[in-house]
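For reference, final26.cif (mmCIF, C-alpha atoms):
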```
data_entry
#
loop_
_atom_site.label_atom_id
_atom_site.label_comp_id
_atom_site.auth_asym_id
_atom_site.auth_seq_id
_atom_site.Cartn_x
_atom_site.Cartn_y
_atom_site.Cartn_z
CA MET A 65 54.17 -21.34 107.45
CA SER A 66 55.38 -23.88 110.00
CA GLY A 67 53.46 -27.00 110.91
CA ASN A 68 52.86 -25.76 114.47
CA GLU A 69 50.96 -22.62 113.51
CA PRO A 70 47.19 -22.82 114.04
CA THR A 71 45.07 -22.90 110.95
CA ALA A 72 41.75 -21.13 110.57
CA PRO A 73 38.68 -23.36 110.53
CA PRO A 74 37.28 -23.96 107.05
CA GLN A 75 34.55 -21.53 106.08
CA PRO A 76 31.26 -22.96 104.84
CA ALA A 77 30.53 -22.68 101.16
CA PRO A 78 28.38 -19.65 100.24
CA ALA A 79 25.66 -21.86 98.78
CA TYR A 80 25.38 -23.81 102.04
CA ARG A 81 25.60 -20.70 104.22
CA TYR A 82 22.64 -19.09 102.45
CA ARG A 83 20.74 -22.31 101.83
CA TRP A 84 17.56 -20.94 103.41
CA LEU A 85 17.34 -18.30 100.65
CA LEU A 86 17.43 -20.88 97.84
CA PRO A 87 14.84 -23.36 96.60
CA SER A 88 15.48 -26.77 98.09
CA ALA A 89 16.03 -28.32 94.64
CA VAL A 90 18.76 -25.79 93.83
CA ALA A 91 20.34 -25.91 97.30
CA ALA A 92 20.54 -29.71 97.07
CA GLU A 93 22.36 -29.49 93.74
CA LEU A 94 24.87 -26.98 95.14
CA GLU A 95 25.72 -29.01 98.23
CA PRO A 96 28.93 -30.99 97.58
CA ASP A 97 28.06 -33.78 100.07
CA ARG A 98 24.52 -34.31 98.87
CA VAL A 99 23.22 -37.91 98.91
CA LYS A 100 21.87 -38.86 95.50
CA GLY A 101 18.23 -39.93 95.41
CA ARG A 102 17.39 -38.34 98.74
CA ARG A 103 14.53 -35.84 98.73
CA PRO A 104 15.84 -32.44 99.83
CA ARG A 105 14.44 -30.75 102.89
CA ARG A 106 12.32 -27.65 102.44
CA THR A 107 14.10 -24.40 103.02
CA VAL A 108 12.63 -21.30 104.64
CA ARG A 109 12.05 -19.92 101.17
CA ASP A 110 10.12 -23.08 100.22
CA TRP A 111 7.79 -22.73 103.18
CA ILE A 112 7.10 -19.09 102.35
CA VAL A 113 6.45 -19.83 98.66
CA ASP A 114 4.25 -22.83 99.45
CA PHE A 115 2.18 -20.79 101.87
CA LEU A 116 1.74 -18.02 99.28
CA CYS A 117 0.74 -20.58 96.65
CA PHE A 118 -1.80 -22.00 99.08
CA LEU A 119 -3.23 -18.53 99.70
CA VAL A 120 -3.45 -17.86 95.95
CA ALA A 121 -5.24 -21.16 95.39
CA VAL A 122 -7.67 -20.42 98.25
CA PHE A 123 -8.36 -16.90 96.98
CA ILE A 124 -9.07 -18.06 93.43
CA GLY A 125 -11.15 -20.92 94.80
CA MET A 126 -13.25 -18.59 96.96
CA VAL A 127 -13.89 -16.27 94.03
CA ALA A 128 -14.91 -19.20 91.83
CA ALA A 129 -17.06 -20.74 94.57
CA GLU A 130 -18.91 -17.48 95.09
CA ALA A 131 -19.59 -17.22 91.35
CA VAL A 132 -20.89 -20.81 91.27
CA SER A 133 -23.14 -20.24 94.30
CA LYS A 134 -24.71 -17.19 92.62
CA ASP A 135 -25.28 -19.02 89.34
CA PRO A 136 -29.03 -19.88 89.15
CA ASN A 137 -28.35 -22.66 86.64
CA THR A 138 -26.14 -24.59 89.07
CA PRO A 139 -27.92 -26.87 91.55
CA ARG A 140 -27.17 -26.36 95.23
CA VAL A 141 -25.76 -29.85 95.61
CA LEU A 142 -23.36 -29.34 92.73
CA ALA A 143 -22.27 -25.99 94.17
CA ASP A 144 -21.55 -27.58 97.56
CA LEU A 145 -19.65 -30.41 95.88
CA ASP A 146 -17.70 -27.86 93.88
CA GLN A 147 -16.64 -26.06 97.06
CA ALA A 148 -15.70 -29.26 98.89
CA VAL A 149 -13.58 -30.58 96.03
CA GLY A 150 -11.99 -27.14 95.64
CA ALA A 151 -11.05 -27.10 99.33
CA LEU A 152 -9.39 -30.52 98.99
CA ALA A 153 -7.54 -29.33 95.88
CA CYS A 154 -6.24 -26.29 97.76
CA GLY A 155 -4.99 -28.53 100.56
CA ALA A 156 -3.26 -30.76 98.01
CA VAL A 157 -1.10 -27.78 96.98
CA TRP A 158 1.17 -28.63 99.93
CA LEU A 159 2.06 -31.90 98.15
CA ARG A 160 3.15 -30.24 94.94
CA ARG A 161 6.91 -30.61 95.58
CA ARG A 162 6.70 -34.30 96.46
CA TRP A 163 4.43 -35.45 93.61
CA PRO A 164 4.39 -32.75 90.90
CA VAL A 165 3.40 -35.13 88.09
CA GLY A 166 0.76 -36.98 90.12
CA LEU A 167 -0.81 -33.77 91.39
CA ALA A 168 -0.94 -32.23 87.90
CA VAL A 169 -2.54 -35.38 86.44
CA ALA A 170 -5.04 -35.58 89.30
CA MET A 171 -6.10 -32.00 88.65
CA LEU A 172 -7.35 -32.92 85.16
CA PRO A 173 -10.54 -34.75 86.32
CA ILE A 174 -10.83 -32.60 89.45
CA GLY A 175 -11.00 -29.49 87.28
CA PHE A 176 -14.14 -30.86 85.59
CA LEU A 177 -15.85 -31.44 88.93
CA SER A 178 -14.86 -28.18 90.64
CA THR A 179 -14.45 -24.67 89.34
CA ALA A 180 -13.01 -23.73 92.72
CA SER A 181 -10.01 -25.98 92.04
CA GLY A 182 -8.87 -23.81 89.12
CA GLY A 183 -6.25 -21.97 91.15
CA ALA A 184 -4.82 -25.20 92.55
CA GLY A 185 -4.74 -26.64 89.02
CA MET A 186 -2.74 -23.70 87.69
CA ILE A 187 -0.27 -23.98 90.58
CA ALA A 188 0.10 -27.72 89.96
CA LEU A 189 0.78 -27.01 86.27
CA PHE A 190 3.38 -24.38 87.20
CA THR A 191 5.06 -26.79 89.63
CA LEU A 192 5.21 -29.47 86.93
CA ALA A 193 6.92 -27.03 84.52
CA VAL A 194 9.46 -26.08 87.18
CA HIS A 195 10.40 -29.53 88.49
CA ARG A 196 10.00 -31.89 85.53
CA PRO A 197 11.37 -32.06 81.96
CA PHE A 198 9.44 -30.70 79.01
CA ARG A 199 7.96 -34.05 77.93
CA TYR A 200 5.84 -34.18 81.10
CA VAL A 201 4.77 -30.56 80.61
CA ALA A 202 3.89 -31.23 76.99
CA TRP A 203 1.61 -34.17 77.80
CA VAL A 204 -0.11 -32.85 80.92
CA GLY A 205 -0.16 -29.20 79.83
CA GLY A 206 -1.39 -30.14 76.35
CA ALA A 207 -4.18 -32.25 77.80
CA THR A 208 -5.18 -29.44 80.17
CA LEU A 209 -5.36 -26.86 77.38
CA ALA A 210 -7.17 -29.26 75.04
CA LEU A 211 -9.89 -29.91 77.65
CA MET A 212 -10.61 -26.23 78.22
CA PRO A 213 -13.17 -25.95 75.36
CA VAL A 214 -14.93 -29.08 76.64
CA PHE A 215 -15.09 -27.73 80.18
CA PHE A 216 -16.65 -24.40 79.18
CA TRP A 217 -19.07 -26.16 76.82
CA TRP A 218 -20.21 -28.31 79.75
CA ARG A 219 -20.12 -25.52 82.37
CA PRO A 220 -20.32 -22.16 80.60
CA ASP A 221 -19.17 -19.01 82.36
CA PRO A 222 -22.14 -16.78 83.27
CA ASP A 223 -20.19 -13.53 82.73
CA LEU A 224 -18.08 -14.26 79.63
CA PRO A 225 -18.92 -15.58 76.17
CA TYR A 226 -17.75 -19.04 75.26
CA SER A 227 -14.87 -17.94 72.99
CA GLY A 228 -13.70 -15.29 75.46
CA ALA A 229 -13.68 -17.70 78.40
CA VAL A 230 -11.79 -20.36 76.42
CA GLY A 231 -9.28 -17.88 75.01
CA LEU A 232 -8.61 -16.22 78.35
CA THR A 233 -8.13 -19.54 80.16
CA VAL A 234 -5.84 -20.95 77.44
CA LEU A 235 -3.75 -17.77 77.52
CA LEU A 236 -3.49 -18.00 81.30
CA GLY A 237 -2.44 -21.65 81.06
CA LEU A 238 0.25 -20.88 78.47
CA THR A 239 1.53 -18.04 80.66
CA VAL A 240 1.78 -20.32 83.68
CA ILE A 241 3.61 -23.01 81.67
CA GLY A 242 6.01 -20.47 80.14
CA TRP A 243 6.73 -18.93 83.51
CA GLY A 244 7.46 -22.33 85.03
CA MET A 245 9.79 -23.30 82.19
CA PHE A 246 11.61 -19.99 82.57
CA VAL A 247 12.11 -20.62 86.29
CA ARG A 248 13.39 -24.14 85.53
CA SER A 249 15.88 -22.87 82.93
CA HIS A 250 17.08 -20.16 85.34
CA ARG A 251 17.71 -22.75 88.04
CA GLN A 252 19.54 -25.02 85.61
CA LEU A 253 21.69 -22.08 84.56
CA LEU A 254 22.54 -21.35 88.19
CA VAL A 255 23.55 -24.96 88.80
CA SER A 256 25.59 -25.10 85.60
CA LEU A 257 27.43 -21.89 86.53
CA ARG A 258 28.23 -23.35 89.92
CA ASP A 259 29.56 -26.51 88.26
CA ARG A 260 31.65 -24.41 85.91
CA ALA A 261 33.07 -22.46 88.85
CA ARG A 262 34.00 -25.68 90.62
CA ARG A 263 35.64 -27.07 87.49
CA ALA A 264 37.47 -23.78 86.97
CA GLU A 265 38.81 -23.87 90.53
CA THR A 266 39.95 -27.47 90.08
CA GLU A 267 41.56 -26.71 86.75
CA ALA A 268 43.29 -23.64 88.17
CA ALA A 269 44.72 -25.72 91.01
CA LEU A 270 45.89 -28.37 88.54
CA ARG A 271 47.44 -25.73 86.30
CA ALA A 272 49.28 -24.19 89.24
CA GLU A 273 50.50 -27.61 90.33
CA GLN A 274 51.60 -28.44 86.80
CA ALA A 275 53.37 -25.08 86.49
CA GLN A 276 55.28 -25.76 89.70
CA ARG A 277 56.20 -29.23 88.51
CA LEU A 278 57.38 -27.92 85.14
CA ALA A 279 59.38 -25.19 86.87
CA ARG A 280 61.10 -27.80 89.06
CA GLU A 281 61.84 -29.95 86.04
CA ALA A 282 63.25 -26.98 84.12
CA ILE A 283 65.46 -26.03 87.07
CA ALA A 284 66.58 -29.64 87.44
CA ARG A 285 67.56 -29.81 83.76
CA GLU A 286 69.38 -26.49 84.04
CA MET A 287 71.28 -27.51 87.15
CA HIS A 288 72.11 -30.89 85.62
CA ASP A 289 74.03 -29.11 82.87
CA VAL A 290 75.93 -27.08 85.47
CA LEU A 291 76.78 -30.14 87.55
CA ALA A 292 77.88 -32.05 84.49
CA HIS A 293 80.25 -29.22 83.59
CA ARG A 294 81.65 -28.97 87.12
CA LEU A 295 82.17 -32.71 87.54
CA THR A 296 83.68 -33.10 84.09
CA LEU A 297 86.19 -30.36 84.83
CA LEU A 298 86.98 -31.97 88.16
CA SER A 299 87.46 -35.37 86.53
CA VAL A 300 89.82 -33.99 83.88
CA HIS A 301 92.12 -32.32 86.39
CA ALA A 302 92.04 -35.31 88.71
CA GLY A 303 92.96 -37.56 85.80
CA ALA A 304 95.83 -35.28 84.88
CA LEU A 305 97.21 -35.51 88.42
CA GLU A 306 96.84 -39.29 88.33
CA PHE A 307 98.71 -39.82 85.07
CA ARG A 308 101.35 -37.09 85.68
CA PRO A 309 102.54 -37.53 89.24
CA ASP A 310 105.91 -36.00 88.26
CA ALA A 311 104.38 -32.69 87.11
CA PRO A 312 105.84 -29.45 88.47
CA GLN A 313 104.60 -28.39 91.89
CA GLU A 314 103.14 -25.17 90.49
CA GLU A 315 101.02 -27.08 87.98
CA ILE A 316 99.92 -29.59 90.61
CA GLY A 317 98.90 -26.79 92.96
CA ARG A 318 96.92 -25.04 90.22
CA ALA A 319 95.10 -28.28 89.31
CA ALA A 320 94.33 -28.97 92.97
CA GLY A 321 92.88 -25.49 93.34
CA VAL A 322 90.68 -26.01 90.32
CA ILE A 323 89.51 -29.35 91.73
CA ARG A 324 88.72 -27.80 95.11
CA GLU A 325 86.84 -24.87 93.58
CA SER A 326 84.91 -27.11 91.19
CA ALA A 327 83.92 -29.47 93.98
CA HIS A 328 82.79 -26.55 96.16
CA GLU A 329 80.68 -25.05 93.38
CA ALA A 330 79.25 -28.47 92.48
CA LEU A 331 78.14 -28.94 96.09
CA GLN A 332 76.51 -25.51 96.06
CA ASP A 333 74.62 -26.37 92.89
CA LEU A 334 73.67 -29.79 94.21
CA ARG A 335 72.19 -28.24 97.35
CA GLU A 336 69.76 -26.28 95.19
CA ILE A 337 68.31 -29.32 93.46
CA ILE A 338 67.81 -31.52 96.50
CA GLY A 339 64.16 -32.52 96.52
CA VAL A 340 63.61 -31.55 92.90
CA LEU A 341 62.24 -34.34 90.73
CA ARG A 342 64.45 -34.93 87.71
CA ALA A 343 62.47 -34.74 84.47
CA PRO A 344 62.51 -37.96 82.45
CA GLU A 345 63.15 -36.03 79.25
CA SER A 346 66.69 -35.05 78.41
CA ASP A 347 67.54 -31.48 77.56
CA GLU A 348 69.84 -31.52 74.56
CA SER A 349 69.70 -27.82 73.81
CA GLY A 350 73.12 -27.14 75.33
CA ARG A 351 72.45 -23.43 75.53
CA PRO A 352 74.74 -21.36 77.78
CA GLN A 353 72.90 -20.05 80.83
CA PRO A 354 72.99 -16.30 81.52
CA THR A 355 74.37 -14.83 84.75
CA LEU A 356 74.28 -11.43 86.39
CA ALA A 357 77.02 -10.22 84.05
CA ALA A 358 74.53 -10.52 81.18
CA LEU A 359 72.12 -8.10 82.86
CA ASP A 360 73.41 -5.13 80.86
CA ALA A 361 72.78 -6.99 77.62
CA LEU A 362 69.24 -7.84 78.75
CA VAL A 363 68.47 -4.21 79.52
CA ALA A 364 70.01 -3.08 76.24
CA GLU A 365 67.88 -5.62 74.39
CA SER A 366 64.76 -4.27 76.10
CA ARG A 367 65.72 -0.73 75.20
CA GLU A 368 66.26 -1.70 71.59
CA ALA A 369 62.75 -3.15 71.63
CA GLY A 370 61.41 0.28 72.59
CA ALA A 371 61.07 -0.14 76.36
CA LYS A 372 62.14 2.55 78.83
CA VAL A 373 64.38 0.85 81.38
CA HIS A 374 66.53 2.46 84.08
CA LEU A 375 69.17 0.09 85.47
CA ASP A 376 70.75 0.77 88.85
CA ASN A 377 73.29 -2.01 89.27
CA GLN A 378 75.20 -1.36 92.49
CA VAL A 379 77.06 -4.68 92.41
CA THR A 380 80.65 -3.67 91.70
CA ASP A 381 81.77 -7.13 90.57
CA PRO A 382 78.91 -8.94 88.75
CA ALA A 383 81.30 -11.72 87.74
CA GLY A 384 81.89 -12.48 91.42
CA VAL A 385 78.27 -13.38 92.02
CA PRO A 386 77.75 -17.16 92.17
CA ALA A 387 76.50 -18.47 88.84
CA SER A 388 73.31 -19.96 90.26
CA VAL A 389 72.42 -16.76 92.12
CA GLY A 390 73.22 -14.59 89.12
CA ARG A 391 71.19 -16.84 86.84
CA THR A 392 68.18 -16.62 89.15
CA ALA A 393 68.53 -12.85 89.39
CA TYR A 394 68.73 -12.66 85.60
CA ARG A 395 65.55 -14.72 85.20
CA ILE A 396 63.69 -12.60 87.75
CA THR A 397 64.68 -9.40 85.95
CA GLN A 398 63.78 -10.92 82.61
CA GLU A 399 60.31 -11.92 83.79
CA GLY A 400 59.77 -8.51 85.42
CA LEU A 401 60.65 -6.68 82.20
CA THR A 402 58.41 -8.99 80.19
CA ASN A 403 55.44 -8.37 82.49
CA ALA A 404 56.08 -4.62 82.38
CA ARG A 405 56.01 -4.64 78.59
CA LYS A 406 52.74 -6.58 78.67
CA HIS A 407 50.84 -4.72 81.35
CA ALA A 408 52.44 -1.24 81.41
CA PRO A 409 53.65 -0.43 77.91
CA GLY A 410 55.27 2.97 77.66
CA ALA A 411 56.02 3.20 81.40
CA GLU A 412 59.62 3.55 82.54
CA VAL A 413 60.74 0.41 84.37
CA GLY A 414 63.22 0.66 87.20
CA VAL A 415 65.63 -2.23 87.81
CA GLN A 416 67.79 -2.13 90.92
CA VAL A 417 70.37 -4.71 91.96
CA THR A 418 72.16 -4.35 95.30
CA GLY A 419 74.04 -6.55 97.71
CA GLY A 420 77.36 -8.19 98.33
CA PRO A 421 78.99 -11.33 99.71
CA GLY A 422 77.50 -12.27 103.05
CA HIS A 423 74.58 -9.85 102.69
CA GLY A 424 72.74 -11.45 99.82
CA LEU A 425 71.64 -10.11 96.47
CA THR A 426 68.48 -7.99 96.21
CA VAL A 427 66.75 -7.60 92.85
CA SER A 428 63.87 -5.17 92.38
CA VAL A 429 61.87 -4.58 89.20
CA ARG A 430 59.21 -1.89 89.45
CA ASN A 431 56.98 -0.19 86.93
CA PRO A 432 54.51 2.66 87.57
CA ALA A 433 50.92 2.67 86.42
CA PRO A 434 50.56 2.56 82.62
CA PRO A 435 50.13 6.00 81.03
CA GLY A 436 46.98 4.94 79.17
CA ASP A 437 44.54 2.13 78.59
CA VAL A 438 46.19 -1.23 78.18
CA PRO A 439 44.63 -3.79 75.85
CA ALA A 440 44.09 -7.29 77.21
CA VAL A 441 47.16 -9.45 76.64
CA PRO A 442 46.78 -13.25 76.68
CA GLY A 443 49.13 -15.15 78.92
CA SER A 444 49.42 -18.25 81.05
CA GLY A 445 49.80 -16.32 84.31
CA GLN A 446 52.34 -18.86 85.54
CA GLY A 447 55.55 -16.83 85.19
CA LEU A 448 55.52 -15.55 88.77
CA ILE A 449 54.87 -19.08 90.03
CA GLY A 450 58.02 -20.24 88.26
CA LEU A 451 60.02 -17.35 89.72
CA THR A 452 58.82 -18.24 93.22
CA GLU A 453 60.03 -21.79 92.69
CA ARG A 454 63.39 -20.56 91.45
CA ALA A 455 63.88 -18.19 94.39
CA THR A 456 62.82 -20.83 96.92
CA LEU A 457 65.13 -23.47 95.49
CA ALA A 458 67.96 -20.93 95.55
CA GLY A 459 67.36 -20.41 99.28
CA GLY A 460 65.86 -16.95 98.84
CA ARG A 461 62.45 -15.35 98.81
CA ILE A 462 60.40 -13.23 96.45
CA GLU A 463 57.55 -10.77 96.86
CA HIS A 464 55.36 -9.36 94.11
CA GLY A 465 52.14 -7.41 93.85
CA PRO A 466 50.51 -4.10 92.96
CA GLU A 467 51.31 -0.87 94.79
CA GLY A 468 49.19 2.00 95.95
CA ASP A 469 49.92 4.23 92.96
CA GLY A 470 48.81 1.58 90.46
CA GLY A 471 52.29 0.27 89.76
CA PHE A 472 53.67 -3.24 90.19
CA GLN A 473 56.83 -4.43 91.87
CA VAL A 474 58.76 -7.69 91.97
CA ARG A 475 61.35 -7.82 94.74
CA ALA A 476 63.56 -10.81 95.49
CA TRP A 477 66.36 -11.58 97.92
CA LEU A 478 68.87 -14.28 97.09
CA PRO A 479 71.65 -15.61 99.33
CA TRP A 480 75.23 -14.65 98.41
CA PRO A 481 77.68 -16.53 100.63
CA SER A 482 80.82 -14.76 101.63
#
```

Since I need it in another form, could you write the structure as structure tokens?
Amino acid sequence: MSGNEPTAPPQPAPAYRYRWLLPSAVAAELEPDRVKGRRPRRTVRDWIVDFLCFLVAVFIGMVAAEAVSKDPNTPRVLADLDQAVGALACGAVWLRRRWPVGLAVAMLPIGFLSTASGGAGMIALFTLAVHRPFRYVAWVGGATLALMPVFFWWRPDPDLPYSGAVGLTVLLGLTVIGWGMFVRSHRQLLVSLRDRARRAETEAALRAEQAQRLAREAIAREMHDVLAHRLTLLSVHAGALEFRPDAPQEEIGRAAGVIRESAHEALQDLREIIGVLRAPESDESGRPQPTLAALDALVAESREAGAKVHLDNQVTDPAGVPASVGRTAYRITQEGLTNARKHAPGAEVGVQVTGGPGHGLTVSVRNPAPPGDVPAVPGSGQGLIGLTERATLAGGRIEHGPEGDGGFQVRAWLPWPS
């Protein structure tokens, strides 16, 4: 892609795009540019949930107020006070997100004064379990449950026995606390999964960058060996001409031709490693590098290993292919056969090599869909990245990907100067 081509505007993150569907506390954690310590704004979902909580508190309060008003043992003044305090408690539900601990603590004495505030008290306890750690829930929730027997001893329920009223209310309180803790753990899991996804994306980018760097370093080490061989050969023949100026003309001409050819090939190899960072480590392996002429041996080795490989090599003179181009083609074929053995065992792999001087060299490795189920094979997944680097540095291009019939193809074009 050139620098003048327009780029698409960045798309908003999914969490930010659908922020109105999430609780404000979760949406704030998922926003990458969130300001720490700043109270998040309520989302549309928050307003809907708060309104429903307010309606639940009002409904429970109205039921309790009606029961208190019909109780002949409750004075009229106390019943009116109960309703007034319950109305204030229902209104305080709107503050539950800002002060969850304060609201839950305030509901402890309010609950003794007003039966109509029971719904608001349960909602405050639920909010505390959702928004605060367990130590706050343990203290406030424990105190609330411990005061239940005292409350019903002071203001007995006219319709239920003492033990039934206490047991039912304690069970309801434990249910509310458990539900709130479950919601809190679910939100924490969502945030942790998002963090893991972000870390995985960062690590994947770093791994890809590291794989590209390692591929460049490997190519630089490989090309260094080639250049050293070329320049050493050039130096030897030049030295021979220097110290034997009286050599026969035929020998001088042959040495000059070798010098010219070595210099030309050295320049070709040097062009491939321009811009490649030389690795600080030295490669002392000294292994000979394969070329296109070794393709038959590679296919034979794969066949001996049990693979079904069909080679269609239409290059009449493999030895005439430049060493760097042939080496890249060899590595591409090698990686394609390796991937086929991993992901399509038992399938017949087709390898085709075509081209000529001035037209370039085309290498294609294709395998059909595997004949059966393929077990998961561990791998780094960086082999194709290294091949892309090799093809690019050689001045060519490479394409790879699945096909419509379930197969997979790797196709590369490499320059072959005339």

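With only C-alpha atoms as the atoms that count, the minimum distance from Met212 of chain A to the choices A:Val122, A:Val429, A:Val230, A:Ala129 is reached by A:Val230.
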
When distances are computed from all atoms listed in the file, which of A:Ser249, A:Gln313, A:Thr355, A:Thr107 shows the smallest separation from Arg391 of chain A?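 Comparing A:Ser249, A:Gln313, A:Thr355, A:Thr107 against Arg391 of chain A, the winner is A:Thr355.
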
In Å to one decimal, how far is atom CA of Asp223 of chain A from atom CA of Gly244 of chain A?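 Between atom CA of Gly244 of chain A and atom CA of Asp223 of chain A the gap works out to 29.1 Å.
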
Determine the nearest neighbour of Gly459 of chain A from the options A:His374, A:Leu478, A:Asn137, A:Glu273, counting all atoms listed in the file. A:Leu478

Atomic separation - atom CA of Val373 of chain A relative to atom CA of Val385 of chain A, Å: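 Atom CA of Val373 of chain A lies at a distance of 22.6 Å from atom CA of Val385 of chain A.
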
Computed interatomic separation between atom CA of Ala476 of chain A and atom CA of Ala455 of chain A (Å):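 Answer for the atom CA of Ala476 of chain A to atom CA of Ala455 of chain A separation: 7.5 Å.
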
Expected answer as a ChimeraX atom specification: all residues with atoms within 9 Å of (65.1, -13.3, 98.3), only C-alpha atoms: /A:424-427,455-456,458-463,475-479

Pick from A:Leu211, A:Val194, A:Asp376, A:Glu130, whichever lies nearest to Met171 of chain A using all atoms listed in the file: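 Answer, going by the shortest atom-to-atom distance: A:Leu211.
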
Axis-aligned box for segment 259-273 of chain A, 3 Å per side, centre and edges in Å as AutoDock Vina command-line options:
```
--center_x 40.0 --center_y -25.4 --center_z 88.5 --size_x 26.9 --size_y 11.9 --size_z 11.1
```

For Cys117 of chain A, find every residue with an atom within 10 Å (counting only C-alpha atoms), except residues of its own chain fewer than 2 positions away, and show them as a ChimeraX atom specification. /A:111-115,119-123,154,157-158,183-184,187-188

Give me the result of the PyMOL selection byres ((chain A and resi 185) around 12) on this file, residue by residue, as a PyMOL selection string. chain A and resi 117-118+120-122+124-125+149-150+152-157+160+164-176+178-184+186-192+204-205+208-209+233+236-237+240-241

Pro481 of chain A: which residues within 9 Å, counting only C-alpha atoms, same-chain residues fewer than 2 positions away excluded, as a list in words?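 Surrounding residues, per the criterion: Pro386, Gly420, Pro421, Gly422, His423, Gly424 and Pro479 of chain A.
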
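Among the candidates A:Gly317, A:Gly419, A:Pro466, A:Gly390, the one nearest to Ala404 of chain A when counting only C-alpha atoms is A:Pro466.
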
Between A:Phe246, A:Arg318, A:Glu412, A:Trp480, smallest distance to Gly384 of chain A by all atoms listed in the file belongs to A:Trp480

What do you get, as a ChimeraX atom specification, if you spell out every residue that the PyMOL selection byres ((chain A and resi 434) around 9) selects here? /A:407-411,431-433,435-438,470-471

Complete the atom set of segment 175-191 of chain A to N, CA and C atoms and return it as a CSV table (one decimal), in the frame of the given file.
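rebuild-v1.csv, written as the output of this step:
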```csv
chain,number,residue,atom,x,y,z
A,175,GLY,N,-10.6,-30.8,87.9
A,175,GLY,CA,-11.0,-29.5,87.3
A,175,GLY,C,-12.4,-29.5,86.6
A,176,PHE,N,-12.8,-30.7,86.1
A,176,PHE,CA,-14.1,-30.9,85.6
A,176,PHE,C,-15.2,-30.9,86.7
A,177,LEU,N,-14.9,-31.4,87.8
A,177,LEU,CA,-15.8,-31.4,88.9
A,177,LEU,C,-16.0,-30.1,89.7
A,178,SER,N,-14.9,-29.3,89.8
A,178,SER,CA,-14.9,-28.2,90.6
A,178,SER,C,-14.2,-27.0,89.9
A,179,THR,N,-15.0,-25.9,89.8
A,179,THR,CA,-14.4,-24.7,89.3
A,179,THR,C,-13.5,-24.0,90.4
A,180,ALA,N,-13.8,-24.3,91.6
A,180,ALA,CA,-13.0,-23.7,92.7
A,180,ALA,C,-11.6,-24.3,92.8
A,181,SER,N,-11.4,-25.4,92.1
A,181,SER,CA,-10.0,-26.0,92.0
A,181,SER,C,-9.2,-25.4,90.9
A,182,GLY,N,-9.6,-24.4,90.2
A,182,GLY,CA,-8.9,-23.8,89.1
A,182,GLY,C,-7.5,-23.2,89.6
A,183,GLY,N,-7.5,-22.5,90.7
A,183,GLY,CA,-6.2,-22.0,91.2
A,183,GLY,C,-5.2,-23.0,91.5
A,184,ALA,N,-5.7,-24.1,92.2
A,184,ALA,CA,-4.8,-25.2,92.6
A,184,ALA,C,-4.3,-25.9,91.3
A,185,GLY,N,-5.2,-26.0,90.3
A,185,GLY,CA,-4.7,-26.6,89.0
A,185,GLY,C,-3.7,-25.9,88.3
A,186,MET,N,-3.8,-24.5,88.3
A,186,MET,CA,-2.7,-23.7,87.7
A,186,MET,C,-1.4,-23.8,88.5
A,187,ILE,N,-1.5,-23.9,89.8
A,187,ILE,CA,-0.3,-24.0,90.6
A,187,ILE,C,0.4,-25.3,90.4
A,188,ALA,N,-0.4,-26.4,90.2
A,188,ALA,CA,0.1,-27.7,90.0
A,188,ALA,C,0.8,-27.7,88.6
A,189,LEU,N,0.2,-27.1,87.6
A,189,LEU,CA,0.8,-27.0,86.3
A,189,LEU,C,2.1,-26.2,86.3
A,190,PHE,N,2.1,-25.2,87.1
A,190,PHE,CA,3.4,-24.4,87.2
A,190,PHE,C,4.5,-25.2,87.9
A,191,THR,N,4.1,-25.9,88.9
A,191,THR,CA,5.1,-26.8,89.6
A,191,THR,C,5.6,-27.9,88.7
```
